Structures are given as structure tokens and as C-alpha cells.
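File shown: start_9.txt. Contents: compact mmCIF, C-alpha atoms and all ligand atoms.
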# COMPACT_ATOMS: atom_id res chain seq x y z
CA MET A 1 68.86 149.78 -82.55
CA ALA A 2 65.09 149.67 -82.29
CA LYS A 3 64.98 147.66 -79.07
CA GLU A 4 65.68 149.28 -75.75
CA PRO A 5 69.35 148.67 -74.92
CA VAL A 6 69.83 146.54 -71.82
CA ILE A 7 73.63 146.76 -72.00
CA ALA A 8 75.42 149.68 -73.65
CA LEU A 9 79.20 150.04 -73.64
CA SER A 10 80.71 153.00 -75.40
CA GLY A 11 84.44 153.54 -75.87
CA VAL A 12 85.25 151.36 -72.86
CA THR A 13 88.91 151.00 -72.01
CA ALA A 14 90.38 148.99 -69.14
CA GLU A 15 93.83 148.01 -67.96
CA LEU A 16 94.90 145.06 -65.87
CA GLY A 17 98.14 145.92 -64.18
CA ALA A 18 99.78 148.25 -66.68
CA ARG A 19 98.47 146.30 -69.62
CA PRO A 20 95.69 147.78 -71.80
CA VAL A 21 93.18 144.95 -72.13
CA LEU A 22 90.15 146.79 -73.53
CA ARG A 23 90.95 149.52 -76.02
CA GLY A 24 87.69 151.29 -76.79
CA ILE A 25 84.87 148.75 -76.87
CA ASP A 26 81.40 149.62 -78.18
CA LEU A 27 78.83 146.96 -77.45
CA THR A 28 75.06 147.17 -77.29
CA VAL A 29 72.67 144.39 -76.35
CA GLY A 30 68.98 145.09 -76.91
CA ARG A 31 66.14 143.68 -74.86
CA GLY A 32 65.51 140.03 -75.72
CA GLU A 33 68.69 139.72 -77.78
CA VAL A 34 71.18 136.86 -77.42
CA VAL A 35 74.68 138.08 -78.14
CA ALA A 36 77.80 135.90 -78.21
CA LEU A 37 81.16 137.45 -77.40
CA LEU A 38 83.84 135.58 -79.32
CA GLY A 39 87.58 135.95 -79.79
CA ALA A 40 90.94 134.32 -79.21
CA ASN A 41 92.33 133.58 -75.75
CA GLY A 42 93.37 136.83 -74.17
CA SER A 43 91.38 139.06 -76.54
CA GLY A 44 89.53 140.58 -73.58
CA LYS A 45 86.18 138.76 -73.54
CA SER A 46 86.14 137.98 -69.83
CA THR A 47 87.44 141.42 -68.98
CA ALA A 48 84.67 143.01 -71.04
CA ILE A 49 81.92 141.24 -69.15
CA ARG A 50 83.69 141.75 -65.83
CA THR A 51 83.60 145.51 -66.44
CA ILE A 52 79.83 145.21 -66.92
CA VAL A 53 79.31 143.48 -63.58
CA GLY A 54 81.74 145.85 -61.87
CA GLN A 55 84.63 143.50 -61.19
CA VAL A 56 87.11 145.38 -63.35
CA PRO A 57 87.32 149.18 -63.23
CA VAL A 58 86.95 151.12 -66.45
CA SER A 59 89.53 153.82 -67.24
CA ASP A 60 87.51 155.51 -69.98
CA GLY A 61 84.16 155.26 -71.74
CA THR A 62 80.70 154.58 -70.37
CA ILE A 63 78.65 151.55 -69.40
CA GLU A 64 74.88 151.61 -68.97
CA LEU A 65 72.63 148.85 -67.69
CA PHE A 66 68.90 149.16 -68.38
CA GLY A 67 69.54 152.78 -69.38
CA THR A 68 71.23 153.66 -66.06
CA PRO A 69 74.94 154.48 -65.75
CA ARG A 70 76.60 151.43 -64.19
CA ARG A 71 77.85 153.39 -61.20
CA ALA A 72 74.31 154.40 -60.30
CA PHE A 73 72.79 150.99 -61.10
CA ARG A 74 71.49 149.23 -58.00
CA ASP A 75 69.00 146.75 -59.34
CA TRP A 76 71.29 143.74 -59.42
CA ALA A 77 68.42 141.31 -58.91
CA ARG A 78 67.64 141.96 -62.59
CA VAL A 79 71.04 140.57 -63.58
CA GLY A 80 72.13 136.93 -63.39
CA TYR A 81 75.87 136.36 -63.69
CA VAL A 82 77.68 133.09 -64.28
CA PRO A 83 81.43 133.67 -63.87
CA GLN A 84 84.07 131.63 -65.62
CA ARG A 85 83.92 128.35 -63.80
CA THR A 86 85.88 127.98 -60.62
CA THR A 87 84.74 126.08 -57.59
CA ALA A 88 81.68 127.96 -56.39
CA ALA A 89 82.32 126.92 -52.83
CA GLY A 90 86.06 127.59 -52.97
CA GLY A 91 86.81 124.63 -50.76
CA VAL A 92 84.16 125.64 -48.22
CA PRO A 93 81.70 122.79 -47.86
CA ALA A 94 78.35 124.05 -49.13
CA THR A 95 75.36 122.17 -50.42
CA VAL A 96 73.81 122.62 -53.83
CA THR A 97 70.80 124.27 -52.19
CA GLU A 98 73.01 126.72 -50.27
CA ILE A 99 74.82 127.82 -53.41
CA VAL A 100 71.62 128.30 -55.38
CA SER A 101 69.93 130.06 -52.44
CA SER A 102 72.75 132.60 -52.34
CA GLY A 103 71.57 133.76 -55.76
CA ARG A 104 68.14 134.51 -54.35
CA LEU A 105 69.27 136.83 -51.54
CA SER A 106 68.84 139.88 -53.76
CA ARG A 107 65.12 139.10 -54.02
CA THR A 108 64.54 138.63 -50.29
CA ARG A 109 63.88 141.24 -47.66
CA PHE A 110 66.84 141.28 -45.27
CA GLY A 111 67.82 137.80 -46.39
CA VAL A 112 64.72 136.14 -44.98
CA PHE A 113 63.58 133.26 -47.17
CA ARG A 114 59.86 132.90 -47.68
CA LYS A 115 57.89 130.10 -49.26
CA ALA A 116 58.17 131.71 -52.72
CA ASP A 117 61.95 131.93 -52.38
CA ARG A 118 62.28 128.28 -51.42
CA ALA A 119 60.01 127.37 -54.34
CA ALA A 120 62.21 129.45 -56.66
CA VAL A 121 65.30 127.55 -55.49
CA ARG A 122 63.56 124.23 -56.13
CA HIS A 123 62.39 125.40 -59.54
CA ALA A 124 65.86 126.60 -60.58
CA LEU A 125 67.30 123.22 -59.59
CA GLU A 126 64.62 121.46 -61.61
CA LEU A 127 65.40 123.63 -64.63
CA VAL A 128 68.99 122.41 -64.68
CA GLY A 129 68.10 118.82 -63.73
CA MET A 130 69.77 118.94 -60.32
CA ALA A 131 66.75 118.68 -58.00
CA ASP A 132 67.81 115.21 -56.88
CA ARG A 133 71.21 116.56 -55.77
CA ALA A 134 69.81 119.45 -53.69
CA ARG A 135 71.29 118.23 -50.39
CA ASP A 136 74.64 117.11 -51.76
CA SER A 137 77.85 118.96 -51.18
CA VAL A 138 79.04 120.78 -54.31
CA ASP A 139 82.42 119.14 -53.75
CA ALA A 140 80.82 115.86 -54.79
CA LEU A 141 79.76 117.11 -58.24
CA SER A 142 81.32 116.74 -61.66
CA GLY A 143 82.44 119.84 -63.58
CA GLY A 144 79.28 119.81 -65.69
CA GLN A 145 77.03 119.41 -62.66
CA HIS A 146 78.89 122.20 -60.95
CA GLN A 147 78.23 124.46 -63.89
CA ARG A 148 74.54 123.57 -63.79
CA VAL A 149 74.47 124.69 -60.15
CA LEU A 150 76.10 128.02 -61.04
CA ILE A 151 73.52 128.53 -63.75
CA ALA A 152 70.70 127.68 -61.34
CA ARG A 153 72.19 130.26 -58.97
CA ALA A 154 72.04 132.87 -61.74
CA LEU A 155 68.47 131.93 -62.72
CA VAL A 156 66.97 131.71 -59.24
CA ALA A 157 66.40 135.46 -58.95
CA GLU A 158 64.53 135.34 -62.28
CA PRO A 159 66.82 137.87 -63.96
CA GLU A 160 65.91 139.86 -67.06
CA LEU A 161 69.55 139.81 -68.15
CA LEU A 162 71.87 136.81 -68.04
CA ILE A 163 75.62 137.30 -68.41
CA MET A 164 77.65 134.12 -68.72
CA ASP A 165 81.36 133.52 -69.17
CA GLU A 166 81.97 130.34 -71.17
CA PRO A 167 79.04 128.39 -69.74
CA MET A 168 79.88 125.34 -71.83
CA ALA A 169 83.61 125.16 -71.03
CA GLY A 170 84.58 121.81 -69.54
CA VAL A 171 80.97 120.66 -69.46
CA ASP A 172 80.09 117.09 -70.41
CA LEU A 173 77.71 116.48 -73.30
CA ALA A 174 74.72 115.58 -71.15
CA SER A 175 75.09 118.80 -69.18
CA GLN A 176 75.60 120.79 -72.39
CA GLU A 177 72.26 119.56 -73.61
CA VAL A 178 70.57 120.46 -70.36
CA LEU A 179 72.15 123.91 -70.43
CA ALA A 180 71.19 124.53 -74.06
CA ARG A 181 67.59 123.53 -73.27
CA THR A 182 67.49 125.69 -70.16
CA LEU A 183 68.87 128.67 -72.02
CA LYS A 184 66.40 128.20 -74.85
CA ALA A 185 63.50 128.35 -72.39
CA GLN A 186 64.93 131.52 -70.85
CA VAL A 187 65.33 133.15 -74.25
CA GLU A 188 61.80 132.19 -75.24
CA ALA A 189 60.58 133.81 -72.03
CA GLY A 190 62.26 137.05 -73.15
CA THR A 191 65.51 137.01 -71.14
CA THR A 192 68.34 139.07 -72.64
CA VAL A 193 71.63 137.15 -72.83
CA LEU A 194 75.28 138.11 -73.26
CA LEU A 195 77.62 135.16 -73.19
CA VAL A 196 81.29 134.51 -73.83
CA LEU A 197 81.78 131.47 -76.01
CA HIS A 198 84.73 129.75 -77.52
CA GLU A 199 82.63 128.39 -80.32
CA LEU A 200 78.91 128.62 -80.95
CA GLY A 201 78.40 124.85 -80.60
CA PRO A 202 74.99 123.66 -79.39
CA LEU A 203 73.92 127.23 -78.58
CA GLU A 204 74.27 128.33 -82.20
CA PRO A 205 70.52 128.32 -82.97
CA LEU A 206 69.91 130.74 -80.10
CA ILE A 207 72.51 133.36 -81.04
CA ASP A 208 71.18 136.53 -82.72
CA ARG A 209 74.46 138.36 -83.05
CA ALA A 210 78.17 137.78 -82.58
CA VAL A 211 80.68 140.34 -81.39
CA VAL A 212 84.26 139.29 -81.99
CA LEU A 213 87.12 140.84 -80.03
CA ARG A 214 90.75 140.95 -81.00
CA ASP A 215 93.40 142.58 -78.84
CA GLY A 216 90.80 144.46 -76.85
CA CYS A 217 89.00 145.90 -79.90
CA VAL A 218 85.76 144.93 -81.61
CA LEU A 219 86.65 143.25 -84.89
CA HIS A 220 83.19 142.13 -85.96
CA ASP A 221 79.67 142.93 -84.79
CA GLY A 222 76.94 141.28 -86.78
CA PRO A 223 75.33 138.02 -87.72
CA PRO A 224 76.99 134.97 -86.18
CA PRO A 225 79.43 133.32 -88.57
CA LYS A 226 77.69 130.68 -90.63
CA ALA A 227 79.93 127.65 -91.13
CA LEU A 228 80.15 127.00 -87.48
CA GLY A 229 82.81 126.77 -84.95
CA GLN A 230 86.09 128.53 -85.24
CA HIS A 231 86.59 127.75 -88.91
CA ALA A 232 84.04 130.32 -89.92
CA LEU A 233 85.85 133.17 -88.30
CA PRO A 234 88.61 135.14 -89.95
CA GLY A 235 91.76 134.84 -87.84
CA HIS A 236 91.45 131.15 -87.27
CA ASP A 237 94.78 129.51 -87.90
CA HIS A 238 93.98 126.86 -90.37
CA VAL A 239 96.15 124.44 -92.23
CA HIS A 240 94.38 122.78 -95.12
CA PRO A 241 94.74 119.00 -95.01
CA HIS A 242 95.82 119.02 -98.65
CA ALA A 243 98.32 121.83 -98.24
CA PRO A 244 101.93 120.84 -98.88
CA ALA A 245 103.89 119.94 -95.76
CA GLY A 246 105.58 122.92 -94.16
CA THR A 247 102.95 125.38 -95.37
CA GLU A 248 102.41 128.31 -93.01
CA PRO A 249 99.01 128.24 -91.29
CA LEU A 250 96.54 130.26 -93.27
CA ARG A 251 95.33 133.08 -91.05
CA THR A 252 91.69 133.31 -91.83
CA GLY A 253 90.15 133.59 -88.43
CA LEU A 254 89.55 135.68 -85.38
CA LEU A 255 89.77 133.09 -82.76
CA SER A 256 93.35 131.93 -82.61
N1 LIG B 1 94.51 139.94 -63.29
C1 LIG B 1 95.18 140.20 -64.40
N2 LIG B 1 96.30 140.95 -64.38
C2 LIG B 1 96.98 141.26 -65.51
N3 LIG B 1 96.60 140.83 -66.73
C3 LIG B 1 95.51 140.08 -66.82
C4 LIG B 1 94.71 139.72 -65.68
N4 LIG B 1 93.67 138.98 -66.08
C5 LIG B 1 93.78 138.86 -67.42
N5 LIG B 1 94.86 139.52 -67.86
C6 LIG B 1 95.30 139.65 -69.26
O1 LIG B 1 94.32 140.40 -69.95
C7 LIG B 1 94.14 139.90 -71.26
C8 LIG B 1 92.64 139.62 -71.51
O2 LIG B 1 92.21 138.60 -70.66
P1 LIG B 1 90.72 138.05 -70.70
O3 LIG B 1 90.61 137.02 -69.61
O4 LIG B 1 89.77 139.18 -70.69
O5 LIG B 1 90.68 137.37 -72.12
P2 LIG B 1 89.65 136.34 -72.71
O6 LIG B 1 89.39 136.84 -74.09
O7 LIG B 1 88.48 136.18 -71.83
O8 LIG B 1 90.51 135.04 -72.76
P3 LIG B 1 90.14 133.49 -72.45
O9 LIG B 1 89.42 133.01 -73.65
O10 LIG B 1 91.49 132.88 -72.29
O11 LIG B 1 89.32 133.48 -71.19
C9 LIG B 1 95.01 138.67 -71.36
O12 LIG B 1 96.16 139.02 -72.06
C10 LIG B 1 95.33 138.32 -69.94
O13 LIG B 1 96.61 137.74 -69.86
Would it be possible to restate this file's structure as C-alpha cells?
Ligand SMILES: Nc1ncnc2c1ncn2[C@@H]1O[C@H](COP(=O)(O)OP(=O)(O)OP(=O)(O)O)[C@@H](O)[C@H]1O
Amino acid sequence: MAKEPVIALSGVTAELGARPVLRGIDLTVGRGEVVALLGANGSGKSTAIRTIVGQVPVSDGTIELFGTPRRAFRDWARVGYVPQRTTAAGGVPATVTEIVSSGRLSRTRFGVFRKADRAAVRHALELVGMADRARDSVDALSGGQHQRVLIARALVAEPELLIMDEPMAGVDLASQEVLARTLKAQVEAGTTVLLVLHELGPLEPLIDRAVVLRDGCVLHDGPPPKALGQHALPGHDHVHPHAPAGTEPLRTGLLS
């Protein structure tokens, strides 16, 4: 790859419990690239990105971030992470501003917020269209609004690399549009993006490359599938509407 790799996984294996979940993953994301990680439920997509951010230990292989072995990497302010959506506050009452501010701590000195940090929080909330909800409790938000707050939290440190786990899952259409627009602006500004998706959907125009996992292995690494959504991918269980009743699903896709 001509571009400097921002993420480089080589032969990565990982187990959860006794179960092998990643079985030798190679994955490179170059600077400025937008890579979608696709695959059926349970294929290991979340686990793959959780190894990158250090939440799942690796039993073999290597991971580098910005050319540095993950274990030695300390510059986490360069990385924005949006986990698979759960309640950010976990039942603890927190305001939208508090959640987003927590993403800025890595840029502060000893956690002291200066004017520029407060401006960054405001700006991140504006980017995702949530500035008018800044003082609200996150408990009062819809799923889509919640997701916008998590994305603002990831953007507020102005990361060079964004890693997102299913950012569009359970998100209403209005929020999907806001998120697609926000992401487009980030990509145009040169941010590198690795994101888990179930289908390309509204983000399709932004995706440079798709990596498809099956059973913890890379099945495809190349241009995103054309005819969009899951139908384009081999492994998709697909019954043709005109197929005779009782026909076995045609296994053409990767996603099911
Ligand atoms: N904490 C855990 N302990 C044991 N097994 C787990 C754990 N978390 C996930 N797994 C298993 O690991 C496999 C991969 O899970 P992972 O969440 O990485 O898949 P995924 O491709 O992201 O799926 P989804 O699209 O459903 O999020 C699955 O079979 C899952 O059941």
C-alpha cells in the first residue's frame, strides 16, 4: 500500500472464553482511507476492532497503530472510538455535555478544561446537531440522539483515526443523515475511518474498501460490493421470489 498504514493487523488471533473468534486476520488501513468491516453476525467484526483499541487481548499476531506496536502506543488522543451502542451513561445520570467532555480529557493537561476545550465540545455537538440538547440528561434522548452524542464524544478530541462499531444500528433516518453528513466532513478533512457495518447503506459513497469476515477469517478485501446492501455479498442467504416453493435458500453471500 502506498499510503502510510494507520492500522496494521497481521495474523491476529483472539479467543473469547475457549472459543477462537479471530483466526489469523490481516487488515491494513492507510491514511485517509475509509474501510468498512462487514460480515455475518458473530463473524468477529466487533472483536477485531476491540483488539485494536485494546479491549480484547490478542493471542497471536501483531497490531500496529500509526506505525507503533499497539502495546507501546500511547497517543490515544489521535484515536476516536465509538463502541457498539449501549447506554453511554450506564444508568448514571450524565448530561450530553458531560459525556462529550469526557472524550476531550485526553487533550487536556491534567483534566483541566480551557476555553479551547469548551469550544471543541460545543463544536462537536454542533457537528452532530445536538447543541440545543447540551444540558439535557442522556437518559432523555432517543437511540439515534444517543448515538450522535457518542459520535460527538469520539470527534471532540479531533482524532486522526475514527473507529466505529455499527454507528448506524438502531438509528432513526434523520440521525442517519446527520451522521452520514458528519462523517463525510471528517473524511474530506482527511480523517482515517474503520467502521463495522451491517450494510453499506447511506455511507456507501464514502467507503473506499470493504473487508468481509467469515468465521474469524478475512473472506474478501477489496472494492465495496456494488449492488448494495447484503444482496451484493456472496454468502447472503437469498431466496428468489420466483423460485419454486420449498427451494433451499441460495447461499450467495457473506453476511448471513
Ligand atoms: N464475551 C464473550 N465471550 C465468549 N464469546 C463471545 C463473547 N463476545 C462475543 N463472543 C462470540 O464471539 C463471536 C464473534 O463475536 P463478535 O461480536 O466479534 O461478532 P460480530 O461479527 O461483531 O457480530 P455482530 O454483528 O452480531 O455484532 C461470536 O460467536 C460471539 O458469540
Query raised in the report: Could you list, as a PyMOL selection string, all the residues within 9 Å of ligand LIG 1 (chain B), counting only C-alpha atoms and all ligand atoms?
Result: chain A and resi 15-22+37-50+84+165-166+196-198+213-216
Requested in this report: Mind listing whatever residues come within 9 Å of the point (72.4, 133.4, -85.7)? Use all atoms listed in the file, file coordinates, and give them as a PyMOL selection string.
Outcome: chain A and resi 204-210+223-226
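Distances from A:Ile99, A:Leu200, A:Arg133, A:Leu162 to Gln186 in chain A were compared using only C-alpha atoms, and the smallest one belongs to A:Leu162.
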Query - Selection: 10 Å around Thr192 in chain A, only C-alpha atoms, excl. self and same-chain fewer than 4 positions, as a list in words - result: Pro5, Val6, Ile7, Val29, Gly30, Arg31, Gly32, Glu33, Val34, Val35, Val79, Pro159, Glu160, Leu161, Leu162, Ile163, Gln186, Val187 and Glu188 of chain A
Save the residues we just selected, C-alpha atoms, as an mmCIF file, keeping the file's coordinate frame?
data_model
loop_
_atom_site.group_PDB
_atom_site.id
_atom_site.type_symbol
_atom_site.label_atom_id
_atom_site.label_comp_id
_atom_site.auth_asym_id
_atom_site.auth_seq_id
_atom_site.Cartn_x
_atom_site.Cartn_y
_atom_site.Cartn_z
ATOM 1 C CA PRO A 5 69.350 148.670 -74.920
ATOM 2 C CA VAL A 6 69.830 146.540 -71.820
ATOM 3 C CA ILE A 7 73.630 146.760 -72.000
ATOM 4 C CA VAL A 29 72.670 144.390 -76.350
ATOM 5 C CA GLY A 30 68.980 145.090 -76.910
ATOM 6 C CA ARG A 31 66.140 143.680 -74.860
ATOM 7 C CA GLY A 32 65.510 140.030 -75.720
ATOM 8 C CA GLU A 33 68.690 139.720 -77.780
ATOM 9 C CA VAL A 34 71.180 136.860 -77.420
ATOM 10 C CA VAL A 35 74.680 138.080 -78.140
ATOM 11 C CA VAL A 79 71.040 140.570 -63.580
ATOM 12 C CA PRO A 159 66.820 137.870 -63.960
ATOM 13 C CA GLU A 160 65.910 139.860 -67.060
ATOM 14 C CA LEU A 161 69.550 139.810 -68.150
ATOM 15 C CA LEU A 162 71.870 136.810 -68.040
ATOM 16 C CA ILE A 163 75.620 137.300 -68.410
ATOM 17 C CA GLN A 186 64.930 131.520 -70.850
ATOM 18 C CA VAL A 187 65.330 133.150 -74.250
ATOM 19 C CA GLU A 188 61.800 132.190 -75.240
#
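Closest to Gly190 in chain A among A:Glu158, A:Arg148, A:Phe66, A:Pro93 is A:Glu158, based on all atoms listed in the file.
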Report task. Using only C-alpha atoms, pick whichever of A:Val100, A:Val128, A:Leu141, A:Val53 has the shortest atom-to-atom distance to Ala185 in chain A. Result -> A:Val128
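The residue set within 12 Å of Phe113 in chain A, counting all atoms listed in the file and dropping same-chain residues fewer than 4 places from it, reads A:Glu98, A:Ser101, A:Ser102, A:Gly103, A:Arg104, A:Leu105, A:Ser106, A:Arg107, A:Thr108, A:Arg109, A:Asp117, A:Arg118, A:Ala119, A:Ala120, A:Val121.
Of the listed residues A:Ala72, A:Leu27, A:Val171, A:Ala180, the one whose atoms come nearest to Gly143 in chain A is A:Val171, with distances taken using all atoms listed in the file.
For the set A:Asp139, A:Asp26, A:Glu126, A:Glu199, the residue with the smallest atom-to-atom gap to Cys217 in chain A is A:Asp26, counting all atoms listed in the file.
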Query raised in the report: Got a sec: who's within 12 Å of Met168 in chain A, counting all atoms listed in the file, leaving out chain neighbours fewer than 4 positions off, as a PyMOL selection string?
Result: chain A and resi 82-85+143-148+150-151+164+172-180+183+195-203
Query raised in the report: Restricting the calculation to only C-alpha atoms, which member of A:Val218, A:Ala14, A:Ile25, A:Ile52 is positioned closest to Leu194 in chain A?
Result: A:Ile52
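The interatomic distance for the pair CA of Thr68 in chain A and CA of Thr51 in chain A works out to 14.8 Å.
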Query raised in the report: Separation of CA of Val58 in chain A and CA of Ala152 in chain A, in Å?
Result: 29.0 Å
